[in-house]
Amino acid sequence: MDDLDDIYKTPYRRLVEWNLLCLNWVKEKLEWPTEFRFTEEAVSYGAVGVDDRRNNVRPKNYGHWNPVKYRQVFEERTGFFPNLSILDLLFNTGKRAGELLYNSNLEI
């Protein structure tokens, strides 16, 4: 809670600063070694040597996403709802969140 409180109370000049802080917070909680970097110039789709995954996780691709079921707070009354948010996953599964995402295999 304190981590999220700091994120929401800190003023930012640009939205990209806040987005990057949120991404790094999620990366830390998932214990993923991913590094976020900005390019100096625009990279075209299909560029040689570029692993372009910009379109992988989008609502239109959820048909190819196989989310692993985890216990949710109101599941007994409402059933399981996949694809809610990273916060739902983290709050309900804790340190298992990264493993569950990894095992949800995105088939593109």
# chains A, B, ... in the order shown; residues from 1 in each chain; ligands from 1
>>> residues_around(residues="range 29-45 of chain A", least_positions_apart="2", cutoff="9 Å", atoms="only C-alpha atoms", output="list of chain:residue names")
A:Leu20, A:Leu23, A:Asn24, A:Trp25, A:Val26, A:Lys27, A:Ala47, A:Val50, A:Asp52, A:Leu90, A:Gly94, A:Lys95, A:Arg96, A:Ala97, A:Gly98, A:Glu99
>>> closest_residue(among="A:Pro11, A:Asp6, A:Asn92, A:Leu87", to="Val73 in chain A", atoms="only C-alpha atoms")
A:Asn92
>>> select_by_dssp(residues="chain A", states="alpha helix (DSSP H)", output="ChimeraX atom specification")
/A:2-9,15-30,75-78,86-93,97-103
>>> closest_residue(among="A:Val16, A:Leu21, A:Val48, A:Met1", to="Phe91 in chain A", atoms="only C-alpha atoms")
A:Met1
>>> residues_around(residues="range 79-83 of chain A", least_positions_apart="6", cutoff="8 Å", atoms="only C-alpha atoms", output="list in words")
Pro67, Lys69, Tyr70, Arg71 and Gln72 of chain A
>>> write_last_selection(atoms="N, CA and C atoms", output="PDB file, in the first residue's frame")
ATOM      1  N   PRO A  67      -4.989 -17.503 -19.754  1.00  0.00           N
ATOM      2  CA  PRO A  67      -4.673 -17.137 -18.378  1.00  0.00           C
ATOM      3  C   PRO A  67      -4.826 -18.310 -17.416  1.00  0.00           C
ATOM      4  N   LYS A  69      -5.800 -19.789 -13.950  1.00  0.00           N
ATOM      5  CA  LYS A  69      -6.788 -19.403 -12.950  1.00  0.00           C
ATOM      6  C   LYS A  69      -6.116 -19.283 -11.582  1.00  0.00           C
ATOM      7  N   TYR A  70      -6.492 -18.247 -10.844  1.00  0.00           N
ATOM      8  CA  TYR A  70      -6.019 -18.043  -9.472  1.00  0.00           C
ATOM      9  C   TYR A  70      -7.213 -17.629  -8.624  1.00  0.00           C
ATOM     10  N   ARG A  71      -7.084 -17.728  -7.327  1.00  0.00           N
ATOM     11  CA  ARG A  71      -8.200 -17.408  -6.433  1.00  0.00           C
ATOM     12  C   ARG A  71      -8.408 -15.901  -6.386  1.00  0.00           C
ATOM     13  N   GLN A  72      -9.651 -15.469  -6.638  1.00  0.00           N
ATOM     14  CA  GLN A  72     -10.024 -14.068  -6.549  1.00  0.00           C
ATOM     15  C   GLN A  72     -10.991 -13.875  -5.375  1.00  0.00           C
TER      16      GLN A  72
END
>>> atom_distance(atom1="CA of Leu84 in chain A", atom2="CA of Leu4 in chain A")
17.9 Å
